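For reference, the structure discussed in these notes is given below.
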Amino acid sequence: MLNKFGPSGSGEAQVQYLDGDFRVISPGTWVRCAVTGVQIPLDELKYWSVDLKEAYATPDAVLQRHHPEALKARG
């Protein structure tokens, strides 16, 4: 297994999401946001779900996935 600072290939990485960290399983330079579909460079990855095993590009994407009613209330 690789860590997030190990050699990187091009394309999408396969990542194991851990509490407070993540581990790169298959080299790549980015992961895809589970909500928006945008590419997130690994060095900018800040939000993910350990339970759902998915990444999020922004705090709003996290809210949309886990608490969609909170976004409606803000709107």
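Chain labels A, B, ... are given in the sequence in which chains occur in the structure tokens; within each chain residues are numbered consecutively from 1, and ligands are likewise numbered from 1 in the order shown.
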With only C-alpha atoms as the counted atoms, please give the residues lying no more than 9 Å from range 15-22 of chain A, apart from itself and same-chain residues fewer than 4 positions off, as an mmCIF file with C-alpha atoms, in the first residue's frame.
data_model
loop_
_atom_site.group_PDB
_atom_site.id
_atom_site.type_symbol
_atom_site.label_atom_id
_atom_site.label_comp_id
_atom_site.auth_asym_id
_atom_site.auth_seq_id
_atom_site.Cartn_x
_atom_site.Cartn_y
_atom_site.Cartn_z
ATOM 1 C CA ASN A 3 0.600 6.570 1.613
ATOM 2 C CA LYS A 4 -0.721 9.904 0.381
ATOM 3 C CA SER A 26 -3.777 2.567 -6.050
ATOM 4 C CA PRO A 27 -1.722 5.524 -7.352
ATOM 5 C CA VAL A 31 -10.431 11.298 -6.346
ATOM 6 C CA LYS A 46 -10.152 17.485 3.247
ATOM 7 C CA TRP A 48 -14.655 12.282 3.346
ATOM 8 C CA SER A 49 -16.835 9.670 4.984
ATOM 9 C CA VAL A 50 -15.194 6.644 6.546
ATOM 10 C CA ASP A 51 -18.540 4.833 6.747
ATOM 11 C CA LYS A 53 -16.109 5.316 1.772
ATOM 12 C CA GLU A 54 -16.463 8.441 -0.352
ATOM 13 C CA ALA A 55 -14.866 11.857 -0.773
#
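With only C-alpha atoms as the atoms that count, the residue of A:Leu45, A:Ala13, A:Ala70, A:Ala57 with the shortest distance to Gly28 in chain A is A:Ala13.
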- Message: Taking the DSSP secondary structure from the backbone, can you list the residues of range 19-66 of chain A that are helix (DSSP H, G or I), as number ranges by chain?
- Response: A: 42-44, 59-66
- Note on the structure: Students should find that CA of Arg32 in chain A and CA of His66 in chain A are spaced 17.2 Å
- Residue list (strand (DSSP E or B), DSSP) for chain A, as a VMD selection string: chain A and resid 12 14 to 18 21 to 26 30 to 33 39 to 41 47 to 49 54 to 56
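The interatomic distance for the pair CA of Gly11 in chain A and CA of Leu52 in chain A works out to 21.9 Å.
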- If you measure from CA of Arg23 in chain A to CA of His67 in chain A, what distance in Å do you get, rounded to one decimal? 26.2 Å
